[in-house]
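Peer 1: Structure file upload-v9.txt, compact mmCIF, C-alpha atoms and all ligand atoms, is pasted below:
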```txt
# COMPACT_ATOMS: atom_id res chain seq x y z
CA MET D 1 -1.05 10.14 -6.80
CA LYS D 2 2.74 10.12 -6.65
CA ILE D 3 3.10 11.31 -3.07
CA LEU D 4 6.83 11.96 -3.17
CA GLU D 5 7.00 13.47 -6.64
CA ASN D 6 8.53 16.98 -6.56
CA THR D 7 8.94 16.87 -2.78
CA ASN D 8 12.11 17.89 -1.01
CA ILE D 9 13.27 15.13 1.33
CA LEU D 10 16.11 15.61 3.77
CA LEU D 11 17.84 12.31 4.54
CA GLY D 12 19.81 12.26 7.79
CA VAL D 13 22.38 9.47 7.87
CA THR D 14 24.10 8.63 11.15
CA GLY D 15 26.77 6.10 11.97
CA GLY D 16 25.68 2.47 12.09
CA ILE D 17 26.27 -0.60 9.98
CA ALA D 18 22.86 -0.03 8.32
CA VAL D 19 24.24 3.03 6.47
CA TYR D 20 24.52 0.77 3.44
CA LYS D 21 20.72 0.51 3.43
CA ALA D 22 20.46 4.32 3.40
CA VAL D 23 22.07 4.21 -0.05
CA GLU D 24 19.20 2.08 -1.37
CA LEU D 25 16.72 4.28 0.49
CA LEU D 26 18.13 7.33 -1.30
CA ARG D 27 17.83 5.53 -4.63
CA LEU D 28 14.17 4.65 -4.00
CA LEU D 29 13.34 8.19 -2.87
CA LYS D 30 14.85 9.54 -6.10
CA LYS D 31 12.93 6.94 -8.10
CA ALA D 32 9.72 8.14 -6.42
CA GLY D 33 10.42 11.62 -7.78
CA ALA D 34 11.82 13.33 -4.67
CA ASP D 35 14.66 15.82 -4.65
CA VAL D 36 16.84 14.35 -1.90
CA HIS D 37 19.40 16.24 0.18
CA VAL D 38 21.64 14.37 2.56
CA VAL D 39 23.25 15.37 5.83
CA MET D 40 25.73 12.90 7.37
CA THR D 41 27.53 12.56 10.66
CA ASP D 42 31.28 11.85 10.83
CA ALA D 43 30.52 8.32 12.04
CA ALA D 44 28.21 7.65 9.09
CA GLN D 45 31.04 8.47 6.69
CA LYS D 46 33.17 5.75 8.26
CA PHE D 47 30.67 3.21 6.86
CA VAL D 48 29.91 4.74 3.42
CA GLY D 49 31.64 7.80 2.00
CA ARG D 50 29.76 11.00 1.16
CA VAL D 51 30.63 10.66 -2.53
CA THR D 52 28.18 7.77 -2.92
CA PHE D 53 25.37 9.90 -1.49
CA GLU D 54 26.47 12.92 -3.50
CA VAL D 55 26.47 11.04 -6.81
CA LEU D 56 23.12 9.33 -6.20
CA SER D 57 21.34 12.40 -4.80
CA GLU D 58 22.88 14.74 -7.41
CA ASN D 59 23.17 17.24 -4.56
CA HIS D 60 25.92 18.46 -2.28
CA VAL D 61 26.04 16.42 0.94
CA LEU D 62 26.41 18.37 4.17
CA CYS D 63 28.94 16.84 6.57
CA ASP D 64 30.66 19.82 8.16
CA LEU D 65 29.11 23.13 9.22
CA PHE D 66 32.27 25.02 8.30
CA GLU D 67 33.13 23.37 5.00
CA ASP D 68 33.09 25.17 1.68
CA ALA D 69 29.39 24.82 0.94
CA GLU D 70 27.68 27.26 -1.44
CA SER D 71 25.96 28.93 1.50
CA SER D 72 27.28 29.78 4.96
CA VAL D 73 23.91 28.81 6.42
CA LYS D 74 23.58 25.59 4.45
CA HIS D 75 22.08 23.75 7.45
CA ILE D 76 19.29 26.34 7.73
CA ASP D 77 18.67 26.26 3.96
CA LEU D 78 18.33 22.46 4.05
CA ALA D 79 16.02 22.48 7.07
CA THR D 80 13.81 25.23 5.64
CA ALA D 81 13.46 23.65 2.20
CA ALA D 82 12.57 20.15 3.46
CA ASP D 83 9.01 18.82 3.14
CA ALA D 84 9.93 15.85 5.33
CA VAL D 85 12.98 14.44 7.08
CA VAL D 86 13.96 10.77 7.34
CA ILE D 87 16.74 9.81 9.73
CA ALA D 88 17.96 6.35 8.73
CA PRO D 89 19.76 4.77 10.40
CA ALA D 90 19.28 6.68 13.66
CA THR D 91 21.82 5.66 16.29
CA ALA D 92 21.38 5.75 20.09
CA ASN D 93 23.68 8.78 20.17
CA THR D 94 21.62 10.62 17.52
CA ILE D 95 18.37 9.84 19.33
CA GLY D 96 19.87 11.07 22.60
CA LYS D 97 21.06 14.32 21.05
CA LEU D 98 17.75 15.04 19.33
CA ALA D 99 15.72 14.28 22.47
CA ASN D 100 17.88 16.61 24.55
CA GLY D 101 18.27 19.48 22.14
CA ILE D 102 21.99 19.06 21.53
CA ALA D 103 23.30 20.65 18.34
CA ASP D 104 27.05 20.11 18.08
CA ASP D 105 27.64 19.04 14.46
CA ALA D 106 26.22 19.61 10.97
CA PHE D 107 23.60 16.86 11.34
CA SER D 108 22.21 17.77 14.78
CA THR D 109 22.35 21.51 14.07
CA THR D 110 20.37 21.02 10.85
CA MET D 111 17.80 18.93 12.71
CA MET D 112 17.35 21.68 15.29
CA ALA D 113 16.13 24.02 12.53
CA VAL D 114 13.65 21.55 11.00
CA THR D 115 9.92 22.35 11.21
CA CYS D 116 8.48 19.72 8.81
CA PRO D 117 7.45 16.12 9.72
CA VAL D 118 10.37 13.93 10.85
CA MET D 119 10.57 10.14 10.71
CA ILE D 120 13.23 8.48 12.85
CA CYS D 121 14.35 4.95 12.02
CA PRO D 122 16.32 3.60 15.02
CA SER D 123 18.88 0.91 14.21
CA MET D 124 21.26 -0.60 16.74
CA ASN D 125 22.06 -3.65 18.86
CA THR D 126 19.01 -5.05 20.71
CA ASP D 127 20.35 -4.32 24.20
CA MET D 128 21.15 -0.76 23.18
CA TYR D 129 17.69 -0.35 21.66
CA GLN D 130 16.00 -1.70 24.77
CA ASN D 131 18.17 0.40 27.09
CA ILE D 132 15.92 2.44 29.32
CA ARG D 133 17.68 5.69 28.40
CA VAL D 134 17.25 5.09 24.65
CA GLN D 135 13.59 4.19 25.18
CA ARG D 136 13.09 7.30 27.32
CA ASN D 137 14.63 9.45 24.59
CA LEU D 138 12.40 7.84 21.94
CA ASP D 139 9.36 8.57 24.13
CA ILE D 140 10.42 12.20 24.38
CA LEU D 141 10.78 12.47 20.61
CA GLU D 142 7.39 10.83 20.06
CA GLN D 143 5.77 13.25 22.52
CA ASP D 144 7.44 16.08 20.61
CA GLY D 145 5.51 14.90 17.52
CA LEU D 146 8.31 13.08 15.67
CA HIS D 147 7.42 9.74 14.08
CA ILE D 148 9.33 6.68 15.23
CA LEU D 149 9.50 3.70 12.88
CA ASP D 150 9.99 0.56 14.96
CA PRO D 151 13.05 -1.44 13.97
CA ASP D 152 12.69 -4.96 12.55
CA SER D 153 13.74 -8.02 14.48
CA GLY D 154 16.21 -10.59 13.25
CA VAL D 155 19.89 -11.46 13.25
CA LEU D 156 21.88 -8.27 13.73
CA ALA D 157 25.39 -7.41 12.54
CA CYS D 158 26.67 -8.14 16.07
CA LYS D 159 25.23 -11.70 15.70
CA THR D 160 22.61 -11.17 18.40
CA VAL D 161 18.99 -11.89 17.50
CA GLY D 162 16.35 -9.33 18.40
CA ALA D 163 14.91 -5.92 17.62
CA GLY D 164 17.20 -3.28 16.15
CA ARG D 165 17.47 -3.93 12.43
CA LEU D 166 16.74 -1.06 10.07
CA PRO D 167 13.51 -1.86 8.15
CA GLU D 168 13.87 -2.51 4.43
CA PRO D 169 14.20 0.70 2.37
CA TRP D 170 10.93 0.06 0.43
CA PHE D 171 9.08 -0.11 3.73
CA ILE D 172 10.61 3.16 4.92
CA VAL D 173 9.48 4.81 1.66
CA ASP D 174 6.02 3.30 2.13
CA GLN D 175 5.79 4.72 5.65
CA LEU D 176 7.07 8.10 4.53
CA GLU D 177 4.40 8.20 1.82
CA GLU D 178 1.80 7.43 4.47
CA LEU D 179 3.16 10.22 6.67
CA MET D 180 2.92 12.70 3.80
CA THR D 181 -0.51 11.69 2.53
CA PRO D 182 -3.47 13.77 3.63
CA ASN D 183 -5.62 11.65 5.95
CA ASP D 184 -8.76 12.22 3.93
CA LEU D 185 -10.17 8.78 4.76
CA ALA D 186 -9.51 8.94 8.50
CA GLY D 187 -12.29 7.35 10.49
CA GLU D 188 -13.82 5.62 7.44
CA ASN D 189 -14.28 1.85 7.51
CA ILE D 190 -13.50 0.55 4.05
CA LEU D 191 -14.35 -2.98 2.98
CA ILE D 192 -12.56 -4.19 -0.15
CA SER D 193 -12.62 -7.52 -1.97
CA ALA D 194 -9.75 -8.53 -4.24
CA GLY D 195 -8.30 -11.37 -6.27
CA PRO D 196 -10.11 -14.30 -7.83
CA THR D 197 -12.31 -16.91 -6.21
CA ILE D 198 -11.57 -20.55 -6.88
CA GLU D 199 -14.31 -23.15 -7.11
CA ALA D 200 -13.27 -26.73 -6.42
CA ILE D 201 -13.85 -29.48 -8.96
CA ASP D 202 -12.04 -31.95 -6.75
CA PRO D 203 -9.29 -31.50 -4.10
CA VAL D 204 -6.66 -30.71 -6.76
CA ARG D 205 -8.57 -28.93 -9.54
CA PHE D 206 -10.64 -25.78 -9.65
CA ILE D 207 -12.38 -23.19 -11.82
CA SER D 208 -11.03 -19.66 -11.50
CA ASN D 209 -9.90 -16.62 -13.52
CA HIS D 210 -6.81 -14.52 -14.16
CA SER D 211 -7.16 -11.97 -11.34
CA SER D 212 -3.79 -11.34 -9.67
CA GLY D 213 -5.19 -9.14 -6.90
CA LYS D 214 -2.98 -6.20 -7.99
CA MET D 215 -5.87 -3.78 -8.53
CA GLY D 216 -7.68 -4.62 -5.28
CA TYR D 217 -4.49 -4.59 -3.22
CA ALA D 218 -3.55 -1.20 -4.70
CA VAL D 219 -6.93 0.19 -3.60
CA ALA D 220 -6.48 -1.32 -0.11
CA ARG D 221 -2.94 0.09 0.21
CA ALA D 222 -4.00 3.58 -0.90
CA ALA D 223 -7.06 3.59 1.39
CA LYS D 224 -4.88 2.60 4.36
CA ARG D 225 -2.26 5.21 3.50
CA ARG D 226 -5.03 7.83 3.43
CA GLY D 227 -6.08 6.97 6.98
CA GLY D 228 -8.92 4.47 6.38
CA ASN D 229 -9.58 1.38 8.50
CA VAL D 230 -9.31 -1.20 5.77
CA THR D 231 -10.61 -4.77 5.71
CA LEU D 232 -9.46 -6.73 2.68
CA VAL D 233 -11.31 -9.93 1.81
CA SER D 234 -8.96 -11.64 -0.57
CA GLY D 235 -9.05 -14.67 -2.82
CA PRO D 236 -5.80 -16.62 -3.32
CA VAL D 237 -3.06 -14.30 -4.70
CA ASN D 238 0.72 -14.05 -4.50
CA LEU D 239 0.82 -10.62 -2.87
CA ASP D 240 1.71 -9.45 0.63
CA ALA D 241 -1.10 -7.75 2.50
CA PRO D 242 -0.54 -3.99 2.74
CA VAL D 243 0.78 -3.08 6.20
CA GLY D 244 -1.96 -2.16 8.67
CA VAL D 245 -4.78 -3.68 6.64
CA GLU D 246 -6.96 -6.42 8.18
CA LYS D 247 -6.78 -9.25 5.65
CA VAL D 248 -9.31 -12.09 5.53
CA ASP D 249 -8.34 -15.00 3.27
CA VAL D 250 -11.03 -16.82 1.33
CA GLU D 251 -11.13 -19.23 -1.59
CA SER D 252 -14.65 -19.70 -2.93
CA CYS D 253 -17.49 -17.32 -3.73
CA ASP D 254 -19.45 -18.76 -0.80
CA GLN D 255 -16.59 -17.98 1.59
CA MET D 256 -16.20 -14.49 0.15
CA LYS D 257 -19.92 -13.88 0.53
CA LYS D 258 -19.85 -14.96 4.18
CA GLU D 259 -16.91 -12.68 5.05
CA MET D 260 -18.21 -9.69 3.08
CA LEU D 261 -21.59 -9.91 4.79
CA GLU D 262 -19.97 -10.34 8.18
CA HIS D 263 -17.96 -7.12 7.75
CA LEU D 264 -20.67 -5.20 5.91
CA LYS D 265 -22.45 -3.72 8.92
CA ASN D 266 -19.47 -1.58 9.99
CA ALA D 267 -18.45 -0.51 6.49
CA ASP D 268 -18.85 3.07 5.24
CA ILE D 269 -17.42 2.36 1.79
CA ILE D 270 -17.52 -1.03 0.02
CA ILE D 271 -15.36 -1.58 -3.06
CA LYS D 272 -15.78 -4.91 -4.80
CA VAL D 273 -12.72 -5.39 -7.00
CA ALA D 274 -12.67 -9.20 -6.76
CA ALA D 275 -13.24 -11.28 -9.86
CA VAL D 276 -15.76 -13.75 -8.50
CA ALA D 277 -16.33 -16.98 -10.41
CA ASP D 278 -19.88 -16.83 -11.74
CA TYR D 279 -20.25 -20.62 -11.66
CA LYS D 280 -19.17 -23.47 -9.40
CA PRO D 281 -19.23 -27.23 -9.96
CA ASN D 282 -22.54 -28.72 -8.84
CA ASP D 283 -21.01 -31.47 -6.94
CA PRO D 284 -17.29 -31.11 -6.14
CA MET D 285 -15.58 -34.48 -5.59
CA THR D 286 -14.02 -35.18 -2.21
CA SER D 287 -11.31 -37.37 -3.81
CA LYS D 288 -9.19 -36.68 -6.86
CA ILE D 289 -10.95 -37.65 -10.10
CA LYS D 290 -8.89 -40.42 -11.72
CA LYS D 291 -8.30 -40.69 -15.45
CA LYS D 292 -9.92 -44.10 -15.50
CA ASP D 293 -13.16 -42.48 -14.19
CA THR D 294 -13.25 -40.20 -17.22
CA LYS D 295 -12.77 -42.55 -20.15
CA LYS D 296 -15.66 -40.99 -22.02
CA LYS D 297 -14.45 -38.30 -24.46
CA ASP D 298 -17.24 -35.89 -23.68
CA LEU D 299 -16.44 -35.45 -20.01
CA SER D 300 -18.40 -32.51 -18.68
CA ILE D 301 -18.75 -30.76 -15.36
CA ALA D 302 -22.20 -29.67 -14.31
CA LEU D 303 -22.17 -26.11 -12.99
CA THR D 304 -24.42 -24.08 -10.70
CA GLU D 305 -24.54 -20.30 -10.70
CA ASN D 306 -22.80 -18.66 -7.74
CA GLN D 307 -24.74 -16.11 -5.78
CA ASP D 308 -23.94 -12.53 -6.83
CA ILE D 309 -22.33 -11.04 -3.70
CA LEU D 310 -22.41 -7.49 -5.01
CA LYS D 311 -26.10 -7.70 -5.87
CA LEU D 312 -26.80 -9.03 -2.39
CA ILE D 313 -24.86 -6.15 -0.81
CA GLY D 314 -26.72 -3.73 -3.10
CA LYS D 315 -29.99 -4.96 -1.59
CA LYS D 316 -28.74 -4.73 2.00
CA LYS D 317 -26.84 -1.46 1.88
CA THR D 318 -27.98 1.50 3.93
CA LYS D 319 -28.25 5.09 2.67
CA LYS D 320 -25.02 5.97 4.47
CA GLN D 321 -22.99 3.27 2.74
CA PHE D 322 -21.26 3.97 -0.59
CA LEU D 323 -21.10 0.89 -2.82
CA VAL D 324 -18.63 0.55 -5.67
CA GLY D 325 -18.60 -2.36 -8.11
CA PHE D 326 -16.12 -3.21 -10.82
CA ALA D 327 -16.95 -4.47 -14.28
CA ALA D 328 -14.53 -6.51 -16.36
CA GLU D 329 -15.66 -6.37 -19.98
CA THR D 330 -14.27 -7.52 -23.29
CA ASP D 331 -16.82 -5.49 -25.33
CA ASP D 332 -19.62 -2.94 -24.91
CA LEU D 333 -17.95 -1.51 -21.81
CA GLU D 334 -20.39 1.31 -21.19
CA LYS D 335 -23.59 -0.59 -21.93
CA ASN D 336 -22.64 -3.58 -19.76
CA ALA D 337 -21.31 -1.44 -16.91
CA LEU D 338 -24.49 0.63 -16.77
CA ILE D 339 -26.66 -2.50 -16.69
CA LYS D 340 -24.58 -3.87 -13.79
CA MET D 341 -24.75 -0.59 -11.88
CA GLU D 342 -28.54 -0.53 -12.19
CA LYS D 343 -29.12 -4.23 -11.43
CA LYS D 344 -26.80 -4.27 -8.39
CA ASN D 345 -27.93 -0.92 -6.94
CA LEU D 346 -24.41 0.61 -7.03
CA ASP D 347 -23.38 4.20 -6.37
CA MET D 348 -20.52 3.86 -8.79
CA ILE D 349 -19.01 1.28 -11.15
CA ALA D 350 -15.40 1.11 -12.33
CA ALA D 351 -15.37 -0.51 -15.74
CA ASN D 352 -12.22 -1.85 -17.32
CA ILE D 353 -11.54 -3.58 -20.58
CA VAL D 354 -9.97 -7.01 -20.06
CA GLY D 355 -8.14 -9.21 -22.50
CA VAL D 356 -5.92 -6.40 -23.85
CA GLU D 357 -2.31 -5.79 -22.88
CA GLY D 358 -1.68 -3.24 -20.14
CA SER D 359 -5.25 -3.23 -18.80
CA GLY D 360 -7.41 -5.42 -16.60
CA PHE D 361 -6.12 -8.78 -15.34
CA LYS D 362 -2.52 -9.24 -14.16
CA ALA D 363 -1.09 -6.01 -15.64
CA ASP D 364 0.60 -3.38 -13.46
CA THR D 365 -1.46 -0.75 -15.25
CA ASN D 366 -5.14 -0.22 -15.88
CA LYS D 367 -7.43 2.02 -17.88
CA MET D 368 -11.01 2.51 -16.84
CA LYS D 369 -14.18 4.48 -17.04
CA LEU D 370 -16.09 5.36 -13.89
CA PHE D 371 -19.88 5.65 -14.10
CA PHE D 372 -22.06 7.21 -11.41
CA LYS D 373 -25.67 6.83 -10.38
CA ASP D 374 -26.40 10.43 -11.35
CA GLY D 375 -25.55 9.66 -14.99
CA SER D 376 -22.12 11.31 -15.02
CA PHE D 377 -18.87 9.50 -15.86
CA LYS D 378 -15.11 9.98 -15.66
CA ASP D 379 -12.25 8.54 -17.73
CA ILE D 380 -9.12 7.24 -16.04
CA PRO D 381 -6.36 6.98 -18.67
CA LEU D 382 -3.87 4.12 -18.75
CA MET D 383 -1.71 4.39 -15.64
CA ASP D 384 -0.12 2.39 -12.84
CA LYS D 385 -2.72 0.55 -10.74
CA ASN D 386 -1.47 2.41 -7.63
CA ASP D 387 -2.31 5.72 -9.30
CA VAL D 388 -5.64 4.38 -10.56
CA ALA D 389 -6.41 3.42 -6.93
CA ASP D 390 -5.77 6.95 -5.68
CA LEU D 391 -7.90 8.51 -8.43
CA LEU D 392 -10.67 6.06 -7.63
CA LEU D 393 -10.54 7.04 -3.95
CA ASP D 394 -10.43 10.77 -4.83
CA THR D 395 -13.63 10.22 -6.81
CA ILE D 396 -15.33 8.21 -4.06
CA ILE D 397 -14.48 10.92 -1.51
CA GLU D 398 -15.91 13.57 -3.84
CA LYS D 399 -19.07 11.64 -4.71
CA ALA D 400 -19.77 10.26 -1.25
CA GLY D 401 -18.89 13.49 0.51
CA LYS D 402 -16.56 11.52 2.74
CA SER D 403 -13.66 13.95 2.91
CA LYS D 404 -12.59 14.91 6.43
O1 LIG D 501 -6.67 -8.57 -9.96
P1 LIG D 501 -6.01 -7.94 -11.18
O2 LIG D 501 -5.16 -8.91 -11.95
O3 LIG D 501 -5.28 -6.67 -10.85
O4 LIG D 501 -7.18 -7.53 -12.20
C1 LIG D 501 -8.09 -6.52 -11.86
C2 LIG D 501 -9.53 -6.88 -12.31
C3 LIG D 501 -9.58 -6.99 -13.82
C4 LIG D 501 -9.95 -8.22 -11.67
C5 LIG D 501 -10.46 -5.75 -11.77
O5 LIG D 501 -10.06 -4.52 -12.30
C6 LIG D 501 -11.91 -6.02 -12.12
O6 LIG D 501 -12.39 -5.70 -13.20
N1 LIG D 501 -12.66 -6.67 -11.20
C7 LIG D 501 -14.04 -7.13 -11.41
C8 LIG D 501 -14.00 -8.43 -12.15
C9 LIG D 501 -15.36 -9.03 -12.33
O7 LIG D 501 -15.63 -10.06 -11.77
O8 LIG D 501 -16.20 -8.35 -13.07
P2 LIG D 501 -17.72 -8.81 -13.38
O9 LIG D 501 -18.13 -7.88 -14.44
O10 LIG D 501 -17.76 -10.27 -13.65
O11 LIG D 501 -18.49 -8.54 -12.03
C10 LIG D 501 -19.07 -7.29 -11.72
C11 LIG D 501 -19.03 -7.01 -10.24
O12 LIG D 501 -19.84 -7.99 -9.54
C12 LIG D 501 -17.66 -7.08 -9.61
O13 LIG D 501 -17.55 -6.02 -8.68
C13 LIG D 501 -17.64 -8.44 -8.91
O14 LIG D 501 -16.81 -8.42 -7.73
C14 LIG D 501 -19.10 -8.62 -8.54
N2 LIG D 501 -19.54 -10.04 -8.47
C15 LIG D 501 -19.59 -10.81 -9.60
C16 LIG D 501 -20.06 -12.11 -9.52
C17 LIG D 501 -20.47 -12.62 -8.27
N3 LIG D 501 -20.90 -13.87 -8.13
N4 LIG D 501 -20.41 -11.85 -7.18
C18 LIG D 501 -19.96 -10.57 -7.26
O15 LIG D 501 -19.89 -9.87 -6.24
```
Please lay out the structure from this file as structure tokens.
Peer 2:
Amino acid sequence: MKILENTNILLGVTGGIAVYKAVELLRLLKKAGADVHVVMTDAAQKFVGRVTFEVLSENHVLCDLFEDAESSVKHIDLATAADAVVIAPATANTIGKLANGIADDAFSTTMMAVTCPVMICPSMNTDMYQNIRVQRNLDILEQDGLHILDPDSGVLACKTVGAGRLPEPWFIVDQLEELMTPNDLAGENILISAGPTIEAIDPVRFISNHSSGKMGYAVARAAKRRGGNVTLVSGPVNLDAPVGVEKVDVESCDQMKKEMLEHLKNADIIIKVAAVADYKPNDPMTSKIKKKDTKKKDLSIALTENQDILKLIGKKKTKKQFLVGFAAETDDLEKNALIKMEKKNLDMIAANIVGVEGSGFKADTNKMKLFFKDGSFKDIPLMDKNDVADLLLDTIIEKAGKSK
């Protein structure tokens, strides 16, 4: 689901040093498929000229109510057409004007006519941000139903250290997508496992697999964006946890089992994307195995089968819980997936071919076939893992009757 595709986003840019970040924000919004219109204050133009925004947005930028725009009510046209408004950066002055209903320039007059969701991204010096009058104005705007994105903390342009920095543009886009996504998983507790497990041979070596965590993290991110309370039990991966998701780090299958079972009771939907190692060394060494200990050519490691976490959950699950497994197959996708669904008592299994480019492990894309307990199935063509995640959740909502 490309949330911002074909949407009309109105970007309000007001005068602070962070205007340079609004340029990148505009670029990312365009990349996400939005038609972006920009309205700027006079002060904003002192930092970055309107031409930059005009070229990148491919739209006229409104700066002056009385300039030679195509329409004499350009501010009303912009406000009416917008699906969402982002004000970034939002200065103390802007926040004060919006909170008190002042409309004395192109920007504030346009904002007065807006009826769609508005996200305000304050950015200023820490003392200004913490000023009681600014905070009071932000409270008023929040009570009016506008969304306030807290600023980041760090070293500011004025060299002070504290809250007031405009969040990174990708994060603003992420939050905007969340704002615009229907909350069809609100109130649902969703337990997801992702990434590989690693099984120690000795303190420096292990058995594992190629899972990068991308698929599981995409599902977690989408479920959170759609309003779910998400717990992500994750093996070792190089990915940041999606914002707002409770992440539990594990390494081995045994640790993953413990955490999954601990969180199982509260879960409404369980999605097991993790690639769990099927075997672990019988007897992991507590010190590093030295070369001299392994002179024999036929060195071998005795393995024990790991417990199947999904099968265990399948036995424990209640009628109200919806259990989804994944199947990574190199051949006989359908046959193997159906066997796993039956054996592990799943409501649904998402089967993907691994070992081919663009699908399965490590890739940014995936292609899969979903099988359901009632014998039906659904194909998901090759697409970005974020889009696969949304389609997967759409299907779970439909099959589990979870939609709010
Ligand atoms: O992480 P990425 O790089 O993005 O790659 C995504 C993926 C290929 C890992 C993912 O799409 C996927 O297919 N995950 C399941 C991988 C897997 O372990 O498949 P399996 O067929 O071996 O296991 C079937 C199911 O049983 C899985 O839900 C697995 O989590 C579960 N299982 C397996 C063994 C075990 N001991 N315990 C389990 O719970």
Peer 1: Rounded to one decimal place, report the atom O2 of ligand LIG 501 (chain D)-CA of Ile269 (chain D) distance in Å.
Peer 2: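 Spanning atom O2 of ligand LIG 501 (chain D) to CA of Ile269 (chain D) is a straight-line distance of 21.6 Å.
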Peer 1: Find the residues with any atom within 12 Å of (-21.1, -4.4, 9.4); use all atoms listed in the file and the coordinates as given in the file, and write the answer as number ranges by chain.
Peer 2: D: 189-191, 231, 258-270, 313, 316-318, 321
Peer 1: Dump the neighbourhood of ligand LIG 501 (chain D) as an MDAnalysis selection string: all residues within 8 Å, distances computed on all atoms listed in the file.
Peer 2: chainID D and resid 193:196 210:217 253 257 271:279 305:312 324:329 337 340 344 349:354 359:364 366 385
Peer 1: Please tell me which residues are no farther than 12 Å from (-9.0, 4.8, -8.1) in the file, counting only C-alpha atoms, and write them as an NGL selection string.
Peer 2: :D and (1 or 215-223 or 271 or 273 or 324-326 or 348-352 or 365-370 or 378-398)
Peer 1: Write out as a PyMOL selection string each polymer residue whose atoms come within 7 Å of region 203-206 of chain D, counting all atoms listed in the file; drop sequence neighbours fewer than 6 positions from it.
Peer 2: chain D and resi 286-288
Peer 1: Find the distance between CA of Thr110 (chain D) and CA of Val39 (chain D) and write it in Å to one decimal.
Peer 2: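 A separation of 8.1 Å between them.
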Peer 1: Which residues are near Val155 (chain D)? Cut-off 12 Å, all atoms listed in the file, ignore same chain within fewer than 2 positions. Put them as number ranges by chain.
Peer 2: D: 124-126, 152-153, 157-166
Peer 1: I'd like the interatomic distance between CA of Asp35 (chain D) and CA of Leu4 (chain D), to a tenth of an Å.
Peer 2: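 Taking CA of Asp35 (chain D) and CA of Leu4 (chain D), their separation equals 8.9 Å.
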Peer 1: Rank nothing, just name the residue among D:Asp283, D:Glu177, D:Glu188, D:Glu334 nearest to Val85 (chain D), using all atoms listed in the file.
Peer 2: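 Smallest separation from Val85 (chain D) among the options: D:Glu177.
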